[in-house]
$ cat target_25.pdb   # PDB, C-alpha atoms
ATOM      1  CA  MET A 818      16.543  75.116 -11.317
ATOM      2  CA  ASN A 819      19.522  75.376  -8.991
ATOM      3  CA  ILE A 820      18.846  73.679  -5.666
ATOM      4  CA  ALA A 821      20.981  73.273  -2.546
ATOM      5  CA  LEU A 822      20.887  70.454  -0.010
ATOM      6  CA  VAL A 823      21.680  71.294   3.608
ATOM      7  CA  GLY A 824      22.530  68.204   5.658
ATOM      8  CA  PHE A 825      23.729  64.824   4.459
ATOM      9  CA  GLY A 826      22.520  62.418   7.125
ATOM     10  CA  LYS A 827      19.807  59.753   6.787
ATOM     11  CA  PHE A 828      17.209  62.037   5.186
ATOM     12  CA  GLY A 829      19.773  64.186   3.408
ATOM     13  CA  LYS A 830      20.928  61.132   1.483
ATOM     14  CA  LYS A 831      17.314  60.309   0.545
ATOM     15  CA  TYR A 832      16.799  63.835  -0.781
ATOM     16  CA  TYR A 833      20.107  63.575  -2.635
ATOM     17  CA  LYS A 834      18.931  60.504  -4.585
ATOM     18  CA  ASN A 835      15.532  62.036  -5.360
ATOM     19  CA  ILE A 836      16.989  65.372  -6.475
ATOM     20  CA  LEU A 837      19.349  63.611  -8.885
ATOM     21  CA  LYS A 838      16.372  61.741 -10.402
ATOM     22  CA  ASN A 839      14.470  64.981 -11.047
ATOM     23  CA  LYS A 840      15.474  66.410 -14.428
ATOM     24  CA  LYS A 841      14.032  69.814 -13.536
ATOM     25  CA  LEU A 842      16.398  70.254 -10.582
ATOM     26  CA  LYS A 843      20.142  70.844 -10.627
ATOM     27  CA  LEU A 844      21.941  70.065  -7.377
ATOM     28  CA  ILE A 845      24.351  72.954  -7.199
ATOM     29  CA  ALA A 846      25.681  72.625  -3.637
ATOM     30  CA  ILE A 847      25.656  70.367  -0.593
ATOM     31  CA  PHE A 848      26.205  72.045   2.751
ATOM     32  CA  ARG A 849      27.317  70.026   5.747
ATOM     33  CA  LYS A 850      28.784  70.892   9.114
ATOM     34  CA  LYS A 851      31.689  68.452   8.890
ATOM     35  CA  LYS A 852      34.525  69.291   6.542
ATOM     36  CA  PHE A 853      35.254  66.991   3.598
ATOM     37  CA  TYR A 854      38.112  66.798   1.152
ATOM     38  CA  ASN A 855      35.511  66.635  -1.613
ATOM     39  CA  ASN A 856      34.681  70.130  -2.886
ATOM     40  CA  ASN A 857      31.040  69.125  -3.357
ATOM     41  CA  PHE A 858      30.573  69.603   0.387
ATOM     42  CA  LYS A 859      30.680  73.178   1.626
ATOM     43  CA  LYS A 860      30.155  75.008   4.896
ATOM     44  CA  ILE A 861      26.905  76.973   4.813
ATOM     45  CA  SER A 862      27.243  80.727   4.810
ATOM     46  CA  SER A 863      25.559  83.763   3.286
ATOM     47  CA  LYS A 864      28.487  84.140   0.905
ATOM     48  CA  ASN A 865      28.314  80.523  -0.302
ATOM     49  CA  ILE A 866      24.578  80.824  -0.927
ATOM     50  CA  ASP A 867      25.106  83.890  -3.116
ATOM     51  CA  GLU A 868      28.118  82.460  -4.972
ATOM     52  CA  ASN A 869      26.207  79.320  -5.990
ATOM     53  CA  LYS A 870      23.181  81.257  -7.312
ATOM     54  CA  ILE A 871      20.801  79.052  -5.343
ATOM     55  CA  LYS A 872      17.110  79.321  -6.268
ATOM     56  CA  SER A 873      15.677  76.776  -3.785
ATOM     57  CA  ALA A 874      16.894  74.571  -0.941
ATOM     58  CA  VAL A 875      16.165  71.512   1.170
ATOM     59  CA  ILE A 876      17.046  71.638   4.871
ATOM     60  CA  ALA A 877      17.527  68.163   6.354
ATOM     61  CA  THR A 878      19.646  68.942   9.400
ATOM     62  CA  PRO A 879      19.021  68.255  13.131
ATOM     63  CA  ILE A 880      15.943  70.078  14.486
ATOM     64  CA  LYS A 881      17.904  72.444  16.687
ATOM     65  CA  THR A 882      19.546  73.977  13.589
ATOM     66  CA  HIS A 883      16.367  74.445  11.514
ATOM     67  CA  TYR A 884      15.490  77.914  12.768
ATOM     68  CA  LYS A 885      18.887  79.496  12.120
ATOM     69  CA  ILE A 886      19.392  77.889   8.691
ATOM     70  CA  ALA A 887      15.806  78.501   7.520
ATOM     71  CA  LYS A 888      16.113  82.206   8.420
ATOM     72  CA  LEU A 889      19.265  82.443   6.312
ATOM     73  CA  PHE A 890      17.458  81.257   3.161
ATOM     74  CA  ILE A 891      14.116  82.980   3.816
ATOM     75  CA  ASP A 892      15.890  86.305   4.332
ATOM     76  CA  LYS A 893      17.330  85.897   0.810
ATOM     77  CA  LYS A 894      13.849  85.089  -0.572
ATOM     78  CA  ILE A 895      14.826  81.492  -1.409
ATOM     79  CA  PRO A 896      11.956  78.931  -1.183
ATOM     80  CA  ILE A 897      12.748  75.924   0.997
ATOM     81  CA  ILE A 898      11.692  72.474   2.138
ATOM     82  CA  LEU A 899      12.141  71.883   5.866
ATOM     83  CA  GLU A 900      12.205  68.372   7.288
ATOM     84  CA  LYS A 901       9.645  68.133  10.064
ATOM     85  CA  PRO A 902       9.397  69.462  12.679
ATOM     86  CA  SER A 903      10.046  72.914  11.278
ATOM     87  CA  ALA A 904      11.700  74.214  14.450
ATOM     88  CA  ASN A 905      12.416  73.368  18.062
ATOM     89  CA  LYS A 906      10.079  75.882  19.752
ATOM     90  CA  LYS A 907       6.759  77.613  19.116
ATOM     91  CA  ASN A 908       8.422  81.051  19.185
ATOM     92  CA  GLU A 909      10.880  79.958  16.495
ATOM     93  CA  ILE A 910       8.034  78.809  14.241
ATOM     94  CA  LYS A 911       6.190  82.094  14.839
ATOM     95  CA  ASP A 912       9.306  84.046  13.858
ATOM     96  CA  LEU A 913       9.672  82.002  10.655
ATOM     97  CA  ILE A 914       6.010  82.668   9.817
ATOM     98  CA  LYS A 915       6.511  86.430  10.238
ATOM     99  CA  LEU A 916       9.695  86.470   8.172
ATOM    100  CA  SER A 917       8.306  84.286   5.357
ATOM    101  CA  ASN A 918       5.178  86.475   5.175
ATOM    102  CA  LYS A 919       7.308  89.622   5.050
ATOM    103  CA  LYS A 920       9.600  88.230   2.332
ATOM    104  CA  ARG A 921       6.774  86.364   0.550
ATOM    105  CA  VAL A 922       8.777  83.140   0.514
ATOM    106  CA  SER A 923       7.280  79.644   0.272
ATOM    107  CA  VAL A 924       8.194  77.223   3.049
ATOM    108  CA  LEU A 925       7.200  73.568   2.633
ATOM    109  CA  VAL A 926       7.453  71.278   5.656
ATOM    110  CA  ASN A 927       7.829  67.598   4.904
ATOM    111  CA  HIS A 928       4.943  66.046   6.782
ATOM    112  CA  SER A 929       5.275  63.221   4.298
ATOM    113  CA  ASP A 930       1.747  61.782   4.570
ATOM    114  CA  LEU A 931       0.328  65.081   3.314
ATOM    115  CA  TYR A 932       2.339  64.615   0.115
ATOM    116  CA  ASN A 933       1.233  60.991  -0.280
ATOM    117  CA  HIS A 934      -0.818  60.386  -3.440
ATOM    118  CA  ASN A 935      -3.001  57.762  -1.718
ATOM    119  CA  LEU A 936      -4.008  59.964   1.218
ATOM    120  CA  ASN A 937      -4.823  62.929  -1.003
ATOM    121  CA  PHE A 938      -6.981  60.765  -3.265
ATOM    122  CA  LEU A 939      -8.866  59.270  -0.311
ATOM    123  CA  MET A 940      -9.461  62.663   1.316
ATOM    124  CA  SER A 941     -10.771  64.089  -1.965
ATOM    125  CA  LYS A 942     -13.569  61.487  -1.736
ATOM    126  CA  ILE A 943     -14.343  61.896   1.971
ATOM    127  CA  ASN A 944     -17.909  63.078   1.300
ATOM    128  CA  LEU A 945     -18.746  59.527   0.164
ATOM    129  CA  ILE A 946     -18.611  58.195   3.736
ATOM    130  CA  GLY A 947     -21.046  60.798   5.098
ATOM    131  CA  LYS A 948     -20.828  62.532   8.462
ATOM    132  CA  ILE A 949     -17.567  61.736  10.275
ATOM    133  CA  LYS A 950     -18.151  59.738  13.451
ATOM    134  CA  TYR A 951     -14.689  58.699  14.701
ATOM    135  CA  ILE A 952     -10.959  58.740  13.798
ATOM    136  CA  GLU A 953      -8.288  56.153  14.580
ATOM    137  CA  ALA A 954      -4.525  56.494  14.041
ATOM    138  CA  TYR A 955      -1.868  53.802  14.537
ATOM    139  CA  PHE A 956       1.710  54.913  13.901
ATOM    140  CA  GLY A 957       5.179  53.559  14.652
ATOM    141  CA  LYS A 958       7.650  50.752  14.094
ATOM    142  CA  TYR A 959      10.484  49.107  16.008
ATOM    143  CA  SER A 960      13.440  51.465  16.173
ATOM    144  CA  THR A 961      16.573  51.768  18.300
ATOM    145  CA  GLN A 962      17.630  55.164  16.916
ATOM    146  CA  TYR A 963      16.344  57.256  19.840
ATOM    147  CA  LYS A 964      19.207  57.863  22.291
ATOM    148  CA  ASP A 965      18.167  61.160  23.956
ATOM    149  CA  ARG A 966      15.408  61.204  26.586
ATOM    150  CA  LEU A 967      14.843  64.901  25.888
ATOM    151  CA  GLN A 968      13.954  63.966  22.282
ATOM    152  CA  PRO A 969      11.791  60.851  22.826
ATOM    153  CA  PRO A 970      10.388  58.738  19.943
ATOM    154  CA  LEU A 971       6.969  60.389  20.247
ATOM    155  CA  ASN A 972       8.426  63.788  19.240
ATOM    156  CA  ASP A 973       9.525  62.284  15.942
ATOM    157  CA  TRP A 974       6.412  60.241  15.189
ATOM    158  CA  LEU A 975       3.408  62.093  16.562
ATOM    159  CA  PRO A 976       3.631  64.986  14.034
ATOM    160  CA  HIS A 977       2.598  62.480  11.321
ATOM    161  CA  PRO A 978      -0.954  61.716  12.564
ATOM    162  CA  LEU A 979      -1.333  65.244  13.973
ATOM    163  CA  ALA A 980      -0.539  66.723  10.542
ATOM    164  CA  ILE A 981      -3.338  64.681   8.949
ATOM    165  CA  ILE A 982      -5.864  65.521  11.671
ATOM    166  CA  ILE A 983      -5.120  69.264  11.669
ATOM    167  CA  LYS A 984      -4.852  69.560   7.873
ATOM    168  CA  PHE A 985      -8.205  67.913   7.142
ATOM    169  CA  PHE A 986     -10.200  68.375  10.366
ATOM    170  CA  ASN A 987      -8.933  71.734  11.672
ATOM    171  CA  ARG A 988      -7.505  72.471  15.084
ATOM    172  CA  ILE A 989      -7.422  69.918  17.895
ATOM    173  CA  ASP A 990      -9.435  71.275  20.812
ATOM    174  CA  ASN A 991      -8.699  68.714  23.524
ATOM    175  CA  MET A 992      -6.218  65.899  24.122
ATOM    176  CA  LYS A 993      -6.093  63.303  26.905
ATOM    177  CA  VAL A 994      -3.074  61.071  27.470
ATOM    178  CA  ILE A 995      -4.457  57.679  28.521
ATOM    179  CA  SER A 996      -1.039  56.052  28.860
ATOM    180  CA  ASN A 997       2.557  57.018  28.087
ATOM    181  CA  ASP A 998       5.218  54.430  28.888
ATOM    182  CA  ILE A 999       8.900  55.230  28.283
ATOM    183  CA  SER A1000      11.658  52.700  28.939
ATOM    184  CA  LYS A1001      15.356  52.372  28.178
ATOM    185  CA  ASN A1002      16.983  49.250  26.769
ATOM    186  CA  GLY A1003      20.734  49.581  26.360
ATOM    187  CA  LYS A1004      21.328  53.031  24.887
ATOM    188  CA  SER A1005      17.916  53.324  23.207
ATOM    189  CA  TYR A1006      14.591  54.719  24.408
ATOM    190  CA  PHE A1007      11.291  53.003  23.669
ATOM    191  CA  GLN A1008       7.832  54.480  24.013
ATOM    192  CA  LYS A1009       4.203  53.357  23.867
ATOM    193  CA  THR A1010       1.561  56.076  23.968
ATOM    194  CA  TYR A1011      -2.228  56.063  23.797
ATOM    195  CA  ILE A1012      -4.023  59.392  23.333
ATOM    196  CA  LYS A1013      -7.665  60.404  22.947
ATOM    197  CA  PHE A1014      -8.546  63.700  21.274
ATOM    198  CA  LYS A1015     -11.381  65.906  20.091
ATOM    199  CA  THR A1016     -11.205  68.368  17.193
ATOM    200  CA  ILE A1017     -12.666  71.860  17.239
ATOM    201  CA  LYS A1018     -15.582  70.409  15.221
ATOM    202  CA  LYS A1019     -16.211  67.884  18.053
ATOM    203  CA  ILE A1020     -14.963  64.863  16.102
ATOM    204  CA  GLU A1021     -13.470  62.361  18.554
ATOM    205  CA  GLY A1022     -10.622  59.949  17.945
ATOM    206  CA  LYS A1023      -7.622  58.104  19.293
ATOM    207  CA  ILE A1024      -3.908  57.845  18.464
ATOM    208  CA  PHE A1025      -1.715  54.873  19.319
ATOM    209  CA  PHE A1026       2.068  55.080  18.918
ATOM    210  CA  SER A1027       4.837  52.565  19.583
ATOM    211  CA  ASN A1028       8.452  52.069  18.564
ATOM    212  CA  VAL A1029       8.423  48.780  20.493
ATOM    213  CA  THR A1030       6.131  46.896  18.130
ATOM    214  CA  ARG A1031       7.704  44.816  15.366
ATOM    215  CA  LYS A1032       4.760  45.641  13.108
ATOM    216  CA  LYS A1033       5.195  48.720  10.918
ATOM    217  CA  MET A1034       2.196  51.011  11.442
ATOM    218  CA  ARG A1035       1.158  54.055   9.462
ATOM    219  CA  ASN A1036      -2.605  53.659   9.494
ATOM    220  CA  PHE A1037      -5.298  56.326   9.593
ATOM    221  CA  ILE A1038      -8.945  55.217   9.662
ATOM    222  CA  ILE A1039     -11.894  57.600   9.321
ATOM    223  CA  HIS A1040     -15.327  56.226  10.232
ATOM    224  CA  GLY A1041     -18.324  57.894   8.637
ATOM    225  CA  LYS A1042     -22.064  57.318   8.772
ATOM    226  CA  LYS A1043     -22.051  55.645   5.323
ATOM    227  CA  GLY A1044     -18.681  53.883   5.374
ATOM    228  CA  PHE A1045     -15.011  54.379   6.191
ATOM    229  CA  ILE A1046     -11.634  55.394   4.743
ATOM    230  CA  ASN A1047      -8.530  53.274   5.322
ATOM    231  CA  TYR A1048      -5.128  54.906   4.757
ATOM    232  CA  ASP A1049      -1.892  52.934   5.002
ATOM    233  CA  GLY A1050       1.367  54.805   4.429
ATOM    234  CA  TYR A1051       3.319  51.553   4.087
ATOM    235  CA  LYS A1052       1.135  49.274   1.938
ATOM    236  CA  ASN A1053      -0.515  50.607  -1.225
ATOM    237  CA  GLU A1054      -3.052  47.769  -1.344
ATOM    238  CA  ASN A1055      -4.443  48.817   2.062
ATOM    239  CA  ASN A1056      -5.629  52.208   0.808
ATOM    240  CA  PHE A1057      -9.330  52.311   0.016
ATOM    241  CA  ILE A1058     -12.735  53.852   0.660
ATOM    242  CA  PHE A1059     -15.471  51.444   1.688
ATOM    243  CA  THR A1060     -19.154  52.234   1.324
ATOM    244  CA  LYS A1061     -21.063  49.594  -0.616
ATOM    245  CA  LYS A1062     -17.809  48.454  -2.220
ATOM    246  CA  LYS A1063     -14.122  49.251  -2.011
ATOM    247  CA  ILE A1064     -12.766  52.140  -4.080
ATOM    248  CA  PHE A1065      -8.989  52.152  -4.557
ATOM    249  CA  PRO A1066      -6.724  55.064  -5.555
ATOM    250  CA  LYS A1067      -5.274  55.073  -9.030
ATOM    251  CA  LYS A1068      -1.741  53.833  -9.563
ATOM    252  CA  LYS A1069       0.801  55.714  -7.459
ATOM    253  CA  TYR A1070       3.049  57.794  -9.718
ATOM    254  CA  LEU A1071       5.307  59.773  -7.378
ATOM    255  CA  SER A1072       6.593  59.108  -3.874
ATOM    256  CA  PRO A1073       5.862  61.708  -1.149
ATOM    257  CA  MET A1074       9.446  63.012  -1.402
ATOM    258  CA  GLU A1075       9.212  63.264  -5.193
ATOM    259  CA  ASN A1076       5.904  65.101  -4.766
ATOM    260  CA  ILE A1077       7.233  67.693  -2.345
ATOM    261  CA  LEU A1078      10.296  68.346  -4.541
ATOM    262  CA  GLN A1079       8.000  68.823  -7.529
ATOM    263  CA  ARG A1080       5.847  71.193  -5.478
ATOM    264  CA  LEU A1081       8.940  73.224  -4.548
ATOM    265  CA  HIS A1082       9.941  73.477  -8.211
ATOM    266  CA  ILE A1083       6.470  74.675  -9.272
ATOM    267  CA  LEU A1084       6.280  77.303  -6.527
ATOM    268  CA  SER A1085       9.786  78.562  -7.283
ATOM    269  CA  SER A1086       9.620  78.610 -11.076
ATOM    270  CA  LYS A1087       6.201  80.287 -11.220
ATOM    271  CA  LYS A1088       7.171  82.811  -8.543
ATOM    272  CA  LYS A1089       4.227  81.767  -6.350
ATOM    273  CA  LEU A1090       6.083  82.673  -3.207
ATOM    274  CA  ASP A1091       3.174  82.804  -0.803
ATOM    275  CA  PHE A1092       2.524  79.165   0.146
ATOM    276  CA  SER A1093       3.554  77.922   3.575
ATOM    277  CA  ASP A1094       3.156  74.856   5.791
ATOM    278  CA  LEU A1095       4.412  76.803   8.809
ATOM    279  CA  LYS A1096       0.980  77.612  10.281
ATOM    280  CA  LEU A1097       0.183  73.906  10.209
ATOM    281  CA  SER A1098       3.528  73.243  11.919
ATOM    282  CA  LEU A1099       2.639  75.746  14.640
ATOM    283  CA  GLU A1100      -0.676  73.994  15.344
ATOM    284  CA  ILE A1101       1.157  70.653  15.512
ATOM    285  CA  GLU A1102       3.655  72.070  18.017
ATOM    286  CA  LYS A1103       0.762  73.433  20.132
ATOM    287  CA  SER A1104      -0.781  69.938  20.217
ATOM    288  CA  LEU A1105       2.571  68.394  21.135
ATOM    289  CA  SER A1106       2.930  70.897  23.977
ATOM    290  CA  MET A1107      -0.547  69.965  25.168
ATOM    291  CA  ILE A1108       0.496  66.315  25.296
ATOM    292  CA  ARG A1109       3.785  67.032  27.093
ATOM    293  CA  ASN A1110       1.943  69.033  29.747
ATOM    294  CA  LYS A1111      -0.486  66.177  30.349
ATOM    295  CA  SER A1112       2.033  63.320  30.296
TER     296      SER A1112
END
$ encode --input "target_25.pdb" --output "structure tokens"
Amino acid sequence: MNIALVGFGKFGKKYYKNILKNKKLKLIAIFRKKKFYNNNFKKISSKNIDENKIKSAVIATPIKTHYKIAKLFIDKKIPIILEKPSANKKNEIKDLIKLSNKKRVSVLVNHSDLYNHNLNFLMSKINLIGKIKYIEAYFGKYSTQYKDRLQPPLNDWLPHPLAIIIKFFNRIDNMKVISNDISKNGKSYFQKTYIKFKTIKKIEGKIFFSNVTRKKMRNFIIHGKKGFINYDGYKNENNFIFTKKKIFPKKKYLSPMENILQRLHILSSKKKLDFSDLKLSLEIEKSLSMIRNKS
């Protein structure tokens, strides 16, 4: 299946490697803003999309460009993967939802934990731990990549735990920012944030984020009446359900990025053009807005 890649930065290069590994996908075009002498890189336009007979696409460009580029493909009924977040504003996400519904086009948003084999296995067994009592989330790692105060580290990281909470526990009803410390060291911004929340089903929990810590954190812990679930997006051996004994997921076969590319291929080839992660993205943006207003 012909696939196009839009953007060739950090994540664009990761998609590039994974697309080449997938025998069911044929990378037909790479679109990038900067001009290259290499003909493999093209400027994105309606004409170029048509000329290359593109059947699906991955958009891995800066957030501020997502809305405009996504509309271009959706309007042509081409299924896409959008790097998270799907757009810069709630109104932009709402517009993409309307257009994708009208055109019946699938839009996958890469909230990578939701395409993680370990998390999906653990959540399929959640009934084993009984009634949910409490949720804990610890996300972040040391990073100097954040140079713009208007796009702080939290904007990049918080969608990860929020995606898990909203996907499996429905809408977040209340959020309270306990602490939110932002500092600048050299040209980089660093942030430590502690948030308490309550879902619409009255399940309480907390989220801790930091890009100051040297420890890599991608942990999601669900406490139930009969046991607990431990998810770790970085270490496979730390994924298990504990009741009377530990239950581990089966061997991991595909990475989250391989999984989402496979999902795109299935949706496109079988013409199931009615699946979308955009409503989830909208709920995540609403929660982020709630946090910004209370910070």
$ residues_around --input "target_25.pdb" --residues "A:Ile1038" --least-positions-apart "3" --cutoff "6 Å" --atoms "only C-alpha atoms" --output "ChimeraX atom specification"
/A:952-953,1046-1047
$ atom_distance --input "target_25.pdb" --atom1 "atom CA of A:Ile847" --atom2 "atom CA of A:Ile891"
17.7 Å
$ closest_residue --input "target_25.pdb" --among "A:Pro978, A:Arg988, A:Lys1068, A:Asp892" --to "A:Lys915" --atoms "all atoms listed in the file"
A:Asp892
$ closest_residue --input "target_25.pdb" --among "A:Lys906, A:Lys919, A:Lys843, A:Lys1001" --to "A:Tyr884" --atoms "only C-alpha atoms"
A:Lys906
$ residues_near_point --input "target_25.pdb" --point "(8.2, 65.0, 7.6)" --cutoff "7 Å" --atoms "all atoms listed in the file" --output "PyMOL selection string"
chain A and resi 900-902+926-929
$ write_last_selection --input "target_25.pdb" --atoms "C-alpha atoms" --output "PDB file, in the frame of the given file"
ATOM      1  CA  GLU A 900      12.205  68.372   7.288  1.00  0.00           C
ATOM      2  CA  LYS A 901       9.645  68.133  10.064  1.00  0.00           C
ATOM      3  CA  PRO A 902       9.397  69.462  12.679  1.00  0.00           C
ATOM      4  CA  VAL A 926       7.453  71.278   5.656  1.00  0.00           C
ATOM      5  CA  ASN A 927       7.829  67.598   4.904  1.00  0.00           C
ATOM      6  CA  HIS A 928       4.943  66.046   6.782  1.00  0.00           C
ATOM      7  CA  SER A 929       5.275  63.221   4.298  1.00  0.00           C
TER       8      SER A 929
END
$ atom_distance --input "target_25.pdb" --atom1 "atom CA of A:Asp973" --atom2 "atom CA of A:Glu1054"
25.8 Å
$ residues_around --input "target_25.pdb" --residues "A:Lys1063" --least-positions-apart "4" --cutoff "10 Å" --atoms "only C-alpha atoms" --output "short mmCIF file (atom, residue, chain, number, x, y, z; two decimals) with C-alpha atoms, in the coordinates of the input"
data_model
loop_
_atom_site.label_atom_id
_atom_site.label_comp_id
_atom_site.auth_asym_id
_atom_site.auth_seq_id
_atom_site.Cartn_x
_atom_site.Cartn_y
_atom_site.Cartn_z
CA GLY A 1044 -18.68 53.88 5.37
CA PHE A 1045 -15.01 54.38 6.19
CA ILE A 1046 -11.63 55.39 4.74
CA ASN A 1056 -5.63 52.21 0.81
CA PHE A 1057 -9.33 52.31 0.02
CA ILE A 1058 -12.74 53.85 0.66
CA PHE A 1059 -15.47 51.44 1.69
#
$ closest_residue --input "target_25.pdb" --among "A:Arg1109, A:Arg1035, A:Lys1062, A:Thr882" --to "A:Asn997" --atoms "all atoms listed in the file"
A:Arg1109
$ atom_distance --input "target_25.pdb" --atom1 "atom CA of A:Thr961" --atom2 "atom CA of A:Ile876"
24.0 Å
$ resolve_selection --input "target_25.pdb" --expression "the PyMOL selection byres ((chain A and resi 969) around 12)" --output "PyMOL selection string"
chain A and resi 960-968+970-975+997-1001+1005-1010+1026-1028+1109
$ write_last_selection --input "target_25.pdb" --atoms "C-alpha atoms" --output "PDB file, in the frame of the given file"
ATOM      1  CA  SER A 960      13.440  51.465  16.173  1.00  0.00           C
ATOM      2  CA  THR A 961      16.573  51.768  18.300  1.00  0.00           C
ATOM      3  CA  GLN A 962      17.630  55.164  16.916  1.00  0.00           C
ATOM      4  CA  TYR A 963      16.344  57.256  19.840  1.00  0.00           C
ATOM      5  CA  LYS A 964      19.207  57.863  22.291  1.00  0.00           C
ATOM      6  CA  ASP A 965      18.167  61.160  23.956  1.00  0.00           C
ATOM      7  CA  ARG A 966      15.408  61.204  26.586  1.00  0.00           C
ATOM      8  CA  LEU A 967      14.843  64.901  25.888  1.00  0.00           C
ATOM      9  CA  GLN A 968      13.954  63.966  22.282  1.00  0.00           C
ATOM     10  CA  PRO A 970      10.388  58.738  19.943  1.00  0.00           C
ATOM     11  CA  LEU A 971       6.969  60.389  20.247  1.00  0.00           C
ATOM     12  CA  ASN A 972       8.426  63.788  19.240  1.00  0.00           C
ATOM     13  CA  ASP A 973       9.525  62.284  15.942  1.00  0.00           C
ATOM     14  CA  TRP A 974       6.412  60.241  15.189  1.00  0.00           C
ATOM     15  CA  LEU A 975       3.408  62.093  16.562  1.00  0.00           C
ATOM     16  CA  ASN A 997       2.557  57.018  28.087  1.00  0.00           C
ATOM     17  CA  ASP A 998       5.218  54.430  28.888  1.00  0.00           C
ATOM     18  CA  ILE A 999       8.900  55.230  28.283  1.00  0.00           C
ATOM     19  CA  SER A1000      11.658  52.700  28.939  1.00  0.00           C
ATOM     20  CA  LYS A1001      15.356  52.372  28.178  1.00  0.00           C
ATOM     21  CA  SER A1005      17.916  53.324  23.207  1.00  0.00           C
ATOM     22  CA  TYR A1006      14.591  54.719  24.408  1.00  0.00           C
ATOM     23  CA  PHE A1007      11.291  53.003  23.669  1.00  0.00           C
ATOM     24  CA  GLN A1008       7.832  54.480  24.013  1.00  0.00           C
ATOM     25  CA  LYS A1009       4.203  53.357  23.867  1.00  0.00           C
ATOM     26  CA  THR A1010       1.561  56.076  23.968  1.00  0.00           C
ATOM     27  CA  PHE A1026       2.068  55.080  18.918  1.00  0.00           C
ATOM     28  CA  SER A1027       4.837  52.565  19.583  1.00  0.00           C
ATOM     29  CA  ASN A1028       8.452  52.069  18.564  1.00  0.00           C
ATOM     30  CA  ARG A1109       3.785  67.032  27.093  1.00  0.00           C
TER      31      ARG A1109
END
$ closest_residue --input "target_25.pdb" --among "A:Tyr959, A:Leu1097, A:Asp1091, A:Tyr833" --to "A:Thr1030" --atoms "only C-alpha atoms"
A:Tyr959
$ closest_residue --input "target_25.pdb" --among "A:Asn918, A:Asn937, A:Ser863, A:Ser873" --to "A:Leu842" --atoms "all atoms listed in the file"
A:Ser873
$ closest_residue --input "target_25.pdb" --among "A:Ile949, A:Leu936, A:Met1107, A:Ile1012" --to "A:Lys984" --atoms "only C-alpha atoms"
A:Leu936
$ residues_around --input "target_25.pdb" --residues "A:Ile989" --least-positions-apart "6" --cutoff "12 Å" --atoms "only C-alpha atoms" --output "PyMOL selection string"
chain A and resi 978-983+1013-1023+1097+1100-1105+1107-1108
$ resolve_selection --input "target_25.pdb" --expression "the PyMOL selection byres ((chain A and resi 913) around 8)" --output "PyMOL selection string"
chain A and resi 884+887-888+909-912+914-917+1095
$ decode --input "target_25.pdb" --residues "stretch 881-902 of chain A" --atoms "C-alpha atoms" --output "PDB file, in the first residue's frame"
ATOM      1  CA  LYS A 881       0.996  24.005  14.697  1.00  0.00           C
ATOM      2  CA  THR A 882       0.941  22.458  11.197  1.00  0.00           C
ATOM      3  CA  HIS A 883      -1.159  19.375  12.043  1.00  0.00           C
ATOM      4  CA  TYR A 884      -4.558  20.929  11.411  1.00  0.00           C
ATOM      5  CA  LYS A 885      -3.794  22.283   7.941  1.00  0.00           C
ATOM      6  CA  ILE A 886      -1.962  19.159   6.724  1.00  0.00           C
ATOM      7  CA  ALA A 887      -4.479  16.706   8.225  1.00  0.00           C
ATOM      8  CA  LYS A 888      -7.349  18.545   6.488  1.00  0.00           C
ATOM      9  CA  LEU A 889      -5.543  18.198   3.164  1.00  0.00           C
ATOM     10  CA  PHE A 890      -5.426  14.387   3.424  1.00  0.00           C
ATOM     11  CA  ILE A 891      -8.824  13.891   5.090  1.00  0.00           C
ATOM     12  CA  ASP A 892     -10.500  15.957   2.371  1.00  0.00           C
ATOM     13  CA  LYS A 893      -9.079  13.471  -0.167  1.00  0.00           C
ATOM     14  CA  LYS A 894     -10.375  10.529   1.918  1.00  0.00           C
ATOM     15  CA  ILE A 895      -6.843   9.345   2.762  1.00  0.00           C
ATOM     16  CA  PRO A 896      -6.478   7.619   6.187  1.00  0.00           C
ATOM     17  CA  ILE A 897      -3.742   9.093   8.368  1.00  0.00           C
ATOM     18  CA  ILE A 898      -1.658   8.739  11.507  1.00  0.00           C
ATOM     19  CA  LEU A 899      -1.179  11.995  13.409  1.00  0.00           C
ATOM     20  CA  GLU A 900       1.590  12.367  15.968  1.00  0.00           C
ATOM     21  CA  LYS A 901       0.085  13.551  19.231  1.00  0.00           C
ATOM     22  CA  PRO A 902      -1.315  16.021  20.011  1.00  0.00           C
TER      23      PRO A 902
END
